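Chemist: Okay, so here is protein-v9.pdb, and as you'll see once you scroll down, it has PDB, C-alpha atoms (C1' of nucleotides).
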```
ATOM      1  CA  MET A 840      90.469 104.085 129.395
ATOM      2  CA  ALA A 841      91.368 105.151 125.894
ATOM      3  CA  LYS A 842      90.277 102.563 123.418
ATOM      4  CA  ARG A 843      93.276 102.186 121.202
ATOM      5  CA  PRO A 844      93.332 100.270 117.943
ATOM      6  CA  GLU A 845      94.948  96.903 118.443
ATOM      7  CA  LEU A 846      98.522  96.107 117.622
ATOM      8  CA  SER A 847      99.320  94.023 114.617
ATOM      9  CA  LYS A 848     102.072  91.445 114.746
ATOM     10  CA  GLY A 849     104.648  93.700 113.188
ATOM     11  CA  GLU A 850     103.750  96.563 115.430
ATOM     12  CA  LEU A 851     104.062  94.315 118.440
ATOM     13  CA  THR A 852     107.546  93.247 117.449
ATOM     14  CA  VAL A 853     108.644  96.835 117.311
ATOM     15  CA  ALA A 854     106.812  97.786 120.487
ATOM     16  CA  ARG A 855     108.607  95.001 122.333
ATOM     17  CA  ALA A 856     111.937  96.414 121.240
ATOM     18  CA  VAL A 857     110.930  99.820 122.561
ATOM     19  CA  TRP A 858     109.887  98.320 125.885
ATOM     20  CA  ARG A 859     113.233  96.603 126.203
ATOM     21  CA  LEU A 860     115.169  99.750 125.412
ATOM     22  CA  GLU A 861     112.940 102.077 127.391
ATOM     23  CA  ALA A 862     113.678 104.771 124.823
ATOM     24  CA  GLY A 863     115.639 105.268 121.649
ATOM     25  CA  THR A 864     115.946 106.665 118.169
ATOM     26  CA  VAL A 865     114.754 104.810 115.122
ATOM     27  CA  GLY A 866     118.265 103.595 114.605
ATOM     28  CA  ALA A 867     118.622 102.183 118.090
ATOM     29  CA  ILE A 868     115.256 100.530 117.943
ATOM     30  CA  HIS A 869     115.990  99.114 114.535
ATOM     31  CA  GLN A 870     119.120  97.557 115.947
ATOM     32  CA  GLU A 871     117.250  96.076 118.864
ATOM     33  CA  VAL A 872     114.597  94.664 116.555
ATOM     34  CA  SER A 873     117.301  93.205 114.373
ATOM     35  CA  ARG A 874     118.567  91.041 117.206
ATOM     36  CA  SER A 875     115.616  88.753 116.622
ATOM     37  CA  SER A 876     113.984  89.640 113.312
ATOM     38  CA  GLU A 877     115.195  91.068 110.074
ATOM     39  CA  MET A 878     113.238  94.156 109.348
ATOM     40  CA  ASP A 879     114.227  97.075 107.201
ATOM     41  CA  TYR A 880     115.092 100.344 108.882
ATOM     42  CA  SER A 881     112.274 102.047 107.001
ATOM     43  CA  THR A 882     109.843  99.395 108.023
ATOM     44  CA  VAL A 883     110.701  99.897 111.654
ATOM     45  CA  GLN A 884     110.296 103.602 111.109
ATOM     46  CA  THR A 885     106.849 103.118 109.642
ATOM     47  CA  TYR A 886     105.791 100.935 112.549
ATOM     48  CA  LEU A 887     107.063 103.509 115.015
ATOM     49  CA  ARG A 888     105.038 106.230 113.356
ATOM     50  CA  ARG A 889     101.942 104.056 113.392
ATOM     51  CA  LEU A 890     102.497 103.136 117.020
ATOM     52  CA  GLU A 891     102.684 106.792 117.911
ATOM     53  CA  THR A 892      99.527 107.551 115.943
ATOM     54  CA  LYS A 893      97.742 104.723 117.684
ATOM     55  CA  GLY A 894      98.771 106.134 121.019
ATOM     56  CA  TYR A 895     101.136 103.415 122.176
ATOM     57  CA  LEU A 896     104.323 105.428 121.942
ATOM     58  CA  ARG A 897     105.261 109.013 122.532
ATOM     59  CA  THR A 898     108.190 110.995 121.184
ATOM     60  CA  ARG A 899     110.348 113.731 122.475
ATOM     61  CA  ARG A 900     112.906 115.669 120.604
ATOM     62  CA  ASP A 901     116.614 115.585 121.271
ATOM     63  CA  GLY A 902     118.089 118.131 118.926
ATOM     64  CA  ARG A 903     117.376 116.945 115.466
ATOM     65  CA  ASN A 904     116.579 113.459 116.695
ATOM     66  CA  LYS A 905     113.327 111.961 117.793
ATOM     67  CA  ILE A 906     113.351 109.728 120.796
ATOM     68  CA  TYR A 907     110.599 107.160 120.962
ATOM     69  CA  SER A 908     109.427 105.735 124.258
ATOM     70  CA  ALA A 909     106.459 103.756 125.511
ATOM     71  CA  LYS A 910     103.260 105.455 126.495
ATOM     72  CA  VAL A 911     101.400 102.214 127.119
ATOM     73  CA  GLY A 912     103.350  99.612 129.033
ATOM     74  CA  ALA A 913     104.065  96.038 128.106
ATOM     75  CA  GLY A 914     101.900  94.733 130.905
ATOM     76  CA  GLN A 915      98.797  96.412 129.648
ATOM     77  CA  VAL A 916      99.241  95.242 126.109
ATOM     78  CA  ILE A 917     100.067  91.713 127.141
ATOM     79  CA  ARG A 918      97.033  91.542 129.411
ATOM     80  CA  HIS A 919      94.781  92.745 126.669
ATOM     81  CA  THR A 920      96.193  90.453 124.051
ATOM     82  CA  VAL A 921      96.097  87.363 126.205
ATOM     83  CA  ARG A 922      92.600  88.024 127.445
ATOM     84  CA  ASP A 923      91.449  88.468 123.913
ATOM     85  CA  LEU A 924      92.943  85.174 122.831
ATOM     86  CA  VAL A 925      91.572  83.256 125.797
ATOM     87  CA  GLN A 926      88.210  84.675 124.905
ATOM     88  CA  ARG A 927      88.369  83.788 121.256
ATOM     89  CA  LEU A 928      89.885  80.330 121.606
ATOM     90  CA  PHE A 929      88.540  79.097 124.910
ATOM     91  CA  ASP A 930      85.455  81.205 125.522
ATOM     92  CA  GLY A 931      87.275  82.954 128.309
ATOM     93  CA  GLU A 932      88.101  79.757 130.221
ATOM     94  CA  VAL A 933      91.521  80.396 131.636
ATOM     95  CA  VAL A 934      91.838  76.908 133.001
ATOM     96  CA  ALA A 935      91.231  75.486 129.547
ATOM     97  CA  MET A 936      93.993  77.646 128.171
ATOM     98  CA  VAL A 937      96.445  76.651 130.881
ATOM     99  CA  ASN A 938      95.469  73.057 130.364
ATOM    100  CA  HIS A 939      96.247  73.340 126.698
ATOM    101  CA  LEU A 940      99.537  75.086 127.350
ATOM    102  CA  VAL A 941     100.975  72.615 129.772
ATOM    103  CA  ARG A 942      99.865  69.641 127.762
ATOM    104  CA  ASP A 943     101.060  70.894 124.427
ATOM    105  CA  HIS A 944     104.427  72.201 125.515
ATOM    106  CA  LYS A 945     106.361  69.552 127.314
ATOM    107  CA  LEU A 946     107.490  70.956 130.613
ATOM    108  CA  ASN A 947     110.441  69.610 132.500
ATOM    109  CA  ARG A 948     110.380  68.760 136.160
ATOM    110  CA  THR A 949     111.713  72.131 137.239
ATOM    111  CA  GLU A 950     109.087  74.029 135.343
ATOM    112  CA  ILE A 951     106.342  71.894 136.753
ATOM    113  CA  GLN A 952     107.607  72.577 140.225
ATOM    114  CA  GLN A 953     107.732  76.295 139.573
ATOM    115  CA  LEU A 954     104.122  76.232 138.575
ATOM    116  CA  GLN A 955     103.156  74.151 141.555
ATOM    117  CA  GLU A 956     104.744  76.649 143.884
ATOM    118  CA  LEU A 957     102.963  79.428 142.081
ATOM    119  CA  LEU A 958      99.634  77.728 142.591
ATOM    120  CA  THR A 959     100.329  77.083 146.227
ATOM    121  CA  GLU A 960     101.120  80.738 146.645
ATOM    122  CA  LEU A 961      97.906  81.769 144.985
ATOM    123  CA  GLU A 962      95.925  79.351 147.034
ATOM    124  CA  GLY A 963      96.783  81.340 150.098
ATOM    125  CA  LYS A 964      95.408  84.506 148.573
ATOM    126  CA  VAL A 965      92.143  83.437 147.054
ATOM    127  CA  ASP A 966      89.562  86.137 147.405
ATOM    128  CA  GLU A 967      86.627  84.191 148.695
ATOM    129  CA  SER A 968      84.165  87.080 148.582
TER     130      SER A 968
ATOM    131  CA  MET B 124     102.836  70.117 106.411
ATOM    132  CA  ALA B 125     100.993  72.555 104.216
ATOM    133  CA  LYS B 126     101.777  76.102 105.200
ATOM    134  CA  ARG B 127      98.396  77.723 105.297
ATOM    135  CA  PRO B 128      97.830  81.443 105.602
ATOM    136  CA  GLU B 129      96.834  82.303 109.139
ATOM    137  CA  LEU B 130      93.293  82.832 110.283
ATOM    138  CA  SER B 131      92.070  86.311 110.999
ATOM    139  CA  LYS B 132      89.796  86.970 113.959
ATOM    140  CA  GLY B 133      86.645  86.876 111.913
ATOM    141  CA  GLU B 134      87.681  83.735 110.141
ATOM    142  CA  LEU B 135      88.398  82.087 113.462
ATOM    143  CA  THR B 136      84.948  82.909 114.748
ATOM    144  CA  VAL B 137      83.383  81.195 111.784
ATOM    145  CA  ALA B 138      85.783  78.284 111.889
ATOM    146  CA  ARG B 139      84.855  77.669 115.501
ATOM    147  CA  ALA B 140      81.208  77.452 114.552
ATOM    148  CA  VAL B 141      82.043  74.879 111.899
ATOM    149  CA  TRP B 142      84.032  72.842 114.387
ATOM    150  CA  ARG B 143      81.127  72.833 116.776
ATOM    151  CA  LEU B 144      78.674  71.765 114.104
ATOM    152  CA  GLU B 145      81.013  69.317 112.414
ATOM    153  CA  ALA B 146      79.330  70.197 109.120
ATOM    154  CA  GLY B 147      76.621  72.432 107.772
ATOM    155  CA  THR B 148      75.309  74.778 105.136
ATOM    156  CA  VAL B 149      75.967  78.470 105.205
ATOM    157  CA  GLY B 150      72.607  78.941 106.841
ATOM    158  CA  ALA B 151      73.284  76.487 109.639
ATOM    159  CA  ILE B 152      76.710  77.906 110.276
ATOM    160  CA  HIS B 153      75.365  81.408 110.242
ATOM    161  CA  GLN B 154      72.878  80.403 112.915
ATOM    162  CA  GLU B 155      75.560  78.833 115.024
ATOM    163  CA  VAL B 156      77.749  81.909 114.712
ATOM    164  CA  SER B 157      74.802  84.074 115.660
ATOM    165  CA  ARG B 158      74.542  82.400 119.037
ATOM    166  CA  SER B 159      77.526  84.441 120.158
ATOM    167  CA  SER B 160      78.161  87.181 117.619
ATOM    168  CA  GLU B 161      76.028  89.134 115.253
ATOM    169  CA  MET B 162      77.363  88.661 111.804
ATOM    170  CA  ASP B 163      75.539  89.031 108.542
ATOM    171  CA  TYR B 164      74.702  85.933 106.563
ATOM    172  CA  SER B 165      76.740  87.244 103.632
ATOM    173  CA  THR B 166      79.654  87.944 105.880
ATOM    174  CA  VAL B 167      79.645  84.412 107.174
ATOM    175  CA  GLN B 168      79.431  83.237 103.598
ATOM    176  CA  THR B 169      82.457  85.283 102.641
ATOM    177  CA  TYR B 170      84.454  83.918 105.534
ATOM    178  CA  LEU B 171      83.506  80.378 104.611
ATOM    179  CA  ARG B 172      84.703  80.923 101.065
ATOM    180  CA  ARG B 173      87.968  82.352 102.292
ATOM    181  CA  LEU B 174      88.423  79.521 104.755
ATOM    182  CA  GLU B 175      88.005  77.039 101.970
ATOM    183  CA  THR B 176      90.454  78.904  99.763
ATOM    184  CA  LYS B 177      92.966  78.968 102.591
ATOM    185  CA  GLY B 178      92.580  75.238 102.972
ATOM    186  CA  TYR B 179      90.936  75.104 106.397
ATOM    187  CA  LEU B 180      87.556  73.878 105.224
ATOM    188  CA  ARG B 181      86.320  71.565 102.528
ATOM    189  CA  THR B 182      82.951  71.385 100.898
ATOM    190  CA  ARG B 183      80.803  68.688  99.503
ATOM    191  CA  ARG B 184      77.642  69.010  97.558
ATOM    192  CA  ASP B 185      74.253  67.892  98.747
ATOM    193  CA  GLY B 186      71.946  68.544  95.842
ATOM    194  CA  ARG B 187      71.901  72.211  95.291
ATOM    195  CA  ASN B 188      73.439  72.857  98.698
ATOM    196  CA  LYS B 189      77.025  73.101  99.758
ATOM    197  CA  ILE B 190      78.033  71.499 102.990
ATOM    198  CA  TYR B 191      81.048  72.949 104.690
ATOM    199  CA  SER B 192      83.143  70.920 107.072
ATOM    200  CA  ALA B 193      86.553  71.188 108.666
ATOM    201  CA  LYS B 194      89.650  70.059 106.882
ATOM    202  CA  VAL B 195      92.004  71.267 109.580
ATOM    203  CA  GLY B 196      90.900  70.465 113.102
ATOM    204  CA  ALA B 197      90.448  72.824 116.013
ATOM    205  CA  GLY B 198      93.362  71.296 117.872
ATOM    206  CA  GLN B 199      95.827  72.070 115.166
ATOM    207  CA  VAL B 200      94.733  75.654 114.782
ATOM    208  CA  ILE B 201      94.655  76.280 118.504
ATOM    209  CA  ARG B 202      98.099  74.799 118.924
ATOM    210  CA  HIS B 203      99.493  76.959 116.199
ATOM    211  CA  THR B 204      97.844  80.109 117.430
ATOM    212  CA  VAL B 205      98.853  79.653 121.036
ATOM    213  CA  ARG B 206     102.419  78.750 120.175
ATOM    214  CA  ASP B 207     102.639  81.802 118.020
ATOM    215  CA  LEU B 208     101.425  84.050 120.797
ATOM    216  CA  VAL B 209     103.679  82.527 123.410
ATOM    217  CA  GLN B 210     106.511  83.122 121.030
ATOM    218  CA  ARG B 211     105.642  86.685 120.286
ATOM    219  CA  LEU B 212     104.772  87.790 123.803
ATOM    220  CA  PHE B 213     106.996  85.651 125.987
ATOM    221  CA  ASP B 214     109.804  84.549 123.698
ATOM    222  CA  GLY B 215     108.434  81.059 123.791
ATOM    223  CA  GLU B 216     108.534  80.750 127.576
ATOM    224  CA  VAL B 217     105.456  78.736 128.413
ATOM    225  CA  VAL B 218     105.949  79.115 132.124
ATOM    226  CA  ALA B 219     105.953  82.885 131.756
ATOM    227  CA  MET B 220     102.685  82.704 129.898
ATOM    228  CA  VAL B 221     101.054  80.461 132.486
ATOM    229  CA  ASN B 222     102.373  82.707 135.196
ATOM    230  CA  HIS B 223     100.773  85.671 133.565
ATOM    231  CA  LEU B 224      97.510  83.840 133.043
ATOM    232  CA  VAL B 225      96.980  82.663 136.558
ATOM    233  CA  ARG B 226      98.013  85.948 138.081
ATOM    234  CA  ASP B 227      95.947  88.119 135.828
ATOM    235  CA  HIS B 228      92.748  86.124 135.893
ATOM    236  CA  LYS B 229      91.653  85.523 139.418
ATOM    237  CA  LEU B 230      91.117  81.811 139.838
ATOM    238  CA  ASN B 231      88.878  80.378 142.496
ATOM    239  CA  ARG B 232      89.858  77.576 144.785
ATOM    240  CA  THR B 233      88.355  74.888 142.611
ATOM    241  CA  GLU B 234      90.202  76.024 139.539
ATOM    242  CA  ILE B 235      93.460  76.163 141.388
ATOM    243  CA  GLN B 236      92.925  72.627 142.559
ATOM    244  CA  GLN B 237      92.139  71.468 139.053
ATOM    245  CA  LEU B 238      95.420  72.858 137.857
ATOM    246  CA  GLN B 239      97.289  71.331 140.742
ATOM    247  CA  GLU B 240      95.943  67.935 139.903
ATOM    248  CA  LEU B 241      96.870  68.470 136.299
ATOM    249  CA  LEU B 242     100.433  69.268 137.272
ATOM    250  CA  THR B 243     100.655  66.283 139.550
ATOM    251  CA  GLU B 244      99.494  64.119 136.701
ATOM    252  CA  LEU B 245     102.089  65.542 134.355
ATOM    253  CA  GLU B 246     104.794  65.132 136.917
ATOM    254  CA  GLY B 247     104.371  61.410 136.668
ATOM    255  CA  LYS B 248     104.916  61.480 132.958
ATOM    256  CA  VAL B 249     107.871  63.744 132.489
ATOM    257  CA  ASP B 250     110.056  62.553 129.695
ATOM    258  CA  GLU B 251     113.454  62.772 131.259
ATOM    259  CA  SER B 252     115.441  61.898 128.129
TER     260      SER B 252
ATOM    261  C1'  DT C 338     134.707 122.577 103.653
ATOM    262  C1'  DT C 339     133.194 118.477 101.559
ATOM    263  C1'  DC C 340     131.340 113.959 101.674
ATOM    264  C1'  DG C 341     129.305 109.866 103.521
ATOM    265  C1'  DT C 342     125.922 108.401 106.915
ATOM    266  C1'  DA C 343     121.915 108.930 109.997
ATOM    267  C1'  DT C 344     117.668 110.616 110.316
ATOM    268  C1'  DA C 345     113.090 112.593 109.408
ATOM    269  C1'  DG C 346     109.187 112.831 106.899
ATOM    270  C1'  DG C 347     106.380 111.889 102.802
ATOM    271  C1'  DT C 348     104.656 108.557  99.782
ATOM    272  C1'  DA C 349     103.574 103.973  97.642
ATOM    273  C1'  DC C 350     101.394  99.847  96.921
ATOM    274  C1'  DA C 351      99.883  94.968  96.942
ATOM    275  C1'  DT C 352      97.411  92.060 100.045
ATOM    276  C1'  DC C 353      94.463  91.036 103.763
ATOM    277  C1'  DT C 354      90.257  91.961 106.532
ATOM    278  C1'  DG C 355      85.724  93.257 107.773
ATOM    279  C1'  DT C 356      81.587  93.876 106.027
ATOM    280  C1'  DA C 357      78.436  93.556 102.876
ATOM    281  C1'  DC C 358      75.226  94.066  98.306
ATOM    282  C1'  DG C 359      73.157  92.261  94.051
ATOM    283  C1'  DT C 360      71.576  88.655  91.063
ATOM    284  C1'  DA C 361      70.088  84.306  89.691
ATOM    285  C1'  DA C 362      68.442  79.890  90.591
ATOM    286  C1'  DT C 363      65.798  76.722  93.452
ATOM    287  C1'  DT C 364      62.429  75.170  96.652
ATOM    288  C1'  DG C 365      58.720  74.904  99.893
ATOM    289  C1'  DT C 366      54.209  76.848 100.585
ATOM    290  C1'  DA C 367      49.793  79.310 100.022
TER     291       DA C 367
ATOM    292  C1'  DT D  25      51.162  77.734  89.964
ATOM    293  C1'  DA D  26      52.921  82.058  91.747
ATOM    294  C1'  DC D  27      55.402  84.015  95.393
ATOM    295  C1'  DA D  28      58.465  84.270  99.433
ATOM    296  C1'  DA D  29      62.516  82.486 101.329
ATOM    297  C1'  DT D  30      66.932  80.239 100.900
ATOM    298  C1'  DT D  31      71.083  79.557  98.824
ATOM    299  C1'  DA D  32      75.051  80.097  95.693
ATOM    300  C1'  DC D  33      78.188  82.945  93.587
ATOM    301  C1'  DG D  34      80.236  87.162  91.855
ATOM    302  C1'  DT D  35      81.540  91.663  93.091
ATOM    303  C1'  DA D  36      82.684  95.794  95.932
ATOM    304  C1'  DC D  37      85.093  98.709  98.782
ATOM    305  C1'  DA D  38      87.266 101.153 102.693
ATOM    306  C1'  DG D  39      90.661 100.554 106.127
ATOM    307  C1'  DA D  40      94.606  97.831 108.124
ATOM    308  C1'  DT D  41      99.006  95.652 107.359
ATOM    309  C1'  DG D  42     103.550  94.425 105.648
ATOM    310  C1'  DT D  43     107.051  96.193 103.366
ATOM    311  C1'  DA D  44     109.562  99.591 101.593
ATOM    312  C1'  DC D  45     111.504 103.675  98.452
ATOM    313  C1'  DC D  46     112.685 108.579  97.845
ATOM    314  C1'  DT D  47     114.206 113.115  99.135
ATOM    315  C1'  DA D  48     116.040 116.586 101.948
ATOM    316  C1'  DT D  49     118.659 117.737 105.664
ATOM    317  C1'  DA D  50     122.000 117.741 109.450
ATOM    318  C1'  DC D  51     126.193 116.000 111.587
ATOM    319  C1'  DG D  52     130.639 114.110 112.217
ATOM    320  C1'  DA D  53     135.046 112.831 110.086
ATOM    321  C1'  DA D  54     138.630 113.574 106.707
TER     322       DA D  54
END
```
The structure given in the file should be rewritten as structure tokens.
Modeler:
Amino acid sequence: MAKRPELSKGELTVARAVWRLEAGTVGAIHQEVSRSSEMDYSTVQTYLRRLETKGYLRTRRDGRNKIYSAKVGAGQVIRHTVRDLVQRLFDGEVVAMVNHLVRDHKLNRTEIQQLQELLTELEGKVDES
Amino acid sequence: MAKRPELSKGELTVARAVWRLEAGTVGAIHQEVSRSSEMDYSTVQTYLRRLETKGYLRTRRDGRNKIYSAKVGAGQVIRHTVRDLVQRLFDGEVVAMVNHLVRDHKLNRTEIQQLQELLTELEGKVDES
DNA sequence: TTCGTATAGGTACATCTGTACGTAATTGTA
DNA sequence: TACAATTACGTACAGATGTACCTATACGAA
């Protein structure tokens, strides 16, 4: 497993846009990023270059254009990031993190039920080994 | 609400030690930090200075010694940090985050039950307004 | 064919972060 | 009392990060 440098906040924002688009030129990705943040075209470009250097994105050429696409998927990055935070804030105690989440963010009845169903589902699959 | 610069990873490590100790000299905090990480005394000292500058810690004098203690509590920082991550990774969708957490980290039966009880408790308190 | 607009690629630069060293003063101990 | 250890405080410095500008080129529209 290649040990890649971590993503900074800005890099993550841009990476998320790439994941959503699957693939695109700097322009397209800049547009996608702009739907939620304001970030200069050049800034997006810089992040894309850095993301490629760090091994998170790859590029292919389409005539004179460069098409960026993901090399490392969202899932992997999210897993890593979340695990890291759980470690650093809750000493790796997932339950403590979930506890914090559901208490801090008021959930409505529907959300609570969704989570209850999720837990029931998991209960059936516990690996008791 | 004072808008403080965010904590970096290293700063957070040291801040956590201060929270655990409530208060202490650089030496004491260094020792506490050392229980989990290896970090040079001077490095801890630097982080403490920066934490004070950023407004997260305060100091009082005890003779020739400086006693560091928290000015911003663990709860506040954790809340901020978690909210920020939920925002950046899941567009603020807490349920998505919890979903990810419980699926990625295998929970055992006891943990699942703990969470179920937690949800049942919250269900009784939903603010339906 | 000319001109505006994307694009690529290079470069810049202040600030933040991780990680420490050096020096001076103080204090407990041999 | 002299020395070792502790502490405070100033300073250092490379690499990461946020944020962008500049220049050259290619492409589509007029």
Chemist: Counting only C-alpha atoms (C1' of nucleotides), note down every residue that has an atom within 12 Å of the point (89.5, 85.6, 121.9) (file coordinates), as a ChimeraX atom specification.
Modeler: /A:919-933,936 /B:131-133,135-136,139,201,204-205
Chemist: Go ahead and dump the residues you just picked, C-alpha atoms, as a PDB file, in the frame of the given file.
Modeler:
```pdb
ATOM      1  CA  HIS A 919      94.781  92.745 126.669  1.00  0.00           C
ATOM      2  CA  THR A 920      96.193  90.453 124.051  1.00  0.00           C
ATOM      3  CA  VAL A 921      96.097  87.363 126.205  1.00  0.00           C
ATOM      4  CA  ARG A 922      92.600  88.024 127.445  1.00  0.00           C
ATOM      5  CA  ASP A 923      91.449  88.468 123.913  1.00  0.00           C
ATOM      6  CA  LEU A 924      92.943  85.174 122.831  1.00  0.00           C
ATOM      7  CA  VAL A 925      91.572  83.256 125.797  1.00  0.00           C
ATOM      8  CA  GLN A 926      88.210  84.675 124.905  1.00  0.00           C
ATOM      9  CA  ARG A 927      88.369  83.788 121.256  1.00  0.00           C
ATOM     10  CA  LEU A 928      89.885  80.330 121.606  1.00  0.00           C
ATOM     11  CA  PHE A 929      88.540  79.097 124.910  1.00  0.00           C
ATOM     12  CA  ASP A 930      85.455  81.205 125.522  1.00  0.00           C
ATOM     13  CA  GLY A 931      87.275  82.954 128.309  1.00  0.00           C
ATOM     14  CA  GLU A 932      88.101  79.757 130.221  1.00  0.00           C
ATOM     15  CA  VAL A 933      91.521  80.396 131.636  1.00  0.00           C
ATOM     16  CA  MET A 936      93.993  77.646 128.171  1.00  0.00           C
TER      17      MET A 936
ATOM     18  CA  SER B 131      92.070  86.311 110.999  1.00  0.00           C
ATOM     19  CA  LYS B 132      89.796  86.970 113.959  1.00  0.00           C
ATOM     20  CA  GLY B 133      86.645  86.876 111.913  1.00  0.00           C
ATOM     21  CA  LEU B 135      88.398  82.087 113.462  1.00  0.00           C
ATOM     22  CA  THR B 136      84.948  82.909 114.748  1.00  0.00           C
ATOM     23  CA  ARG B 139      84.855  77.669 115.501  1.00  0.00           C
ATOM     24  CA  ILE B 201      94.655  76.280 118.504  1.00  0.00           C
ATOM     25  CA  THR B 204      97.844  80.109 117.430  1.00  0.00           C
ATOM     26  CA  VAL B 205      98.853  79.653 121.036  1.00  0.00           C
TER      27      VAL B 205
END
```
Chemist: May I have the residues of chain A within 12 Å of chain C, counting all atoms listed in the file, written as a list in words?
Modeler: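 So the contacting residues turn out to be Thr864, Val865, Gly866, Ala867, Tyr880, Ser881, Gln884, Thr885, Arg888, Arg900, Gly902, Arg903, Asn904, Lys905 and Ile906 of chain A.
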Chemist: For chain A, work out the contacting residues on chain D at 10 Å, counting only C-alpha atoms (C1' of nucleotides), and write them as a PyMOL selection string.
Modeler: chain D and resi 40-45+49-51
Chemist: What does the file look like for those residues with C-alpha atoms (C1' of nucleotides), as a PDB file, in the frame of the given file?
Modeler:
```
ATOM      1  C1'  DA D  40      94.606  97.831 108.124  1.00  0.00           C
ATOM      2  C1'  DT D  41      99.006  95.652 107.359  1.00  0.00           C
ATOM      3  C1'  DG D  42     103.550  94.425 105.648  1.00  0.00           C
ATOM      4  C1'  DT D  43     107.051  96.193 103.366  1.00  0.00           C
ATOM      5  C1'  DA D  44     109.562  99.591 101.593  1.00  0.00           C
ATOM      6  C1'  DC D  45     111.504 103.675  98.452  1.00  0.00           C
ATOM      7  C1'  DT D  49     118.659 117.737 105.664  1.00  0.00           C
ATOM      8  C1'  DA D  50     122.000 117.741 109.450  1.00  0.00           C
ATOM      9  C1'  DC D  51     126.193 116.000 111.587  1.00  0.00           C
TER      10       DC D  51
END
```
Chemist: Chain B least-squares fit onto chain A, all C-alpha atoms in order: RMSD in Å?
Modeler: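 Chain A versus chain B: RMSD of 0.1 Å.
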Chemist: What's the separation between atom CA of Glu950 of chain A and atom CA of Ala935 of chain A, in Å to one decimal place?
Modeler: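 Separation of atom CA of Glu950 of chain A and atom CA of Ala935 of chain A: 18.8 Å.
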Chemist: Measure the distance from atom CA of Thr898 of chain A to atom CA of Ile868 of chain A in Å and round it to one decimal.
Modeler: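 If I compute the distance from atom CA of Thr898 of chain A to atom CA of Ile868 of chain A, I get 13.0 Å.
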Chemist: Just give me the residues with any atom within 9 Å of (92.6, 81.6, 147.5), file coordinates, counting all atoms listed in the file, written as an MDAnalysis selection string.
Modeler: (chainID A and resid 960:967) or (chainID B and resid 230:232 235)
Chemist: One number please: atom CA of His153 of chain B to atom CA of Thr176 of chain B, in Å, one decimal.
Modeler: 18.5 Å
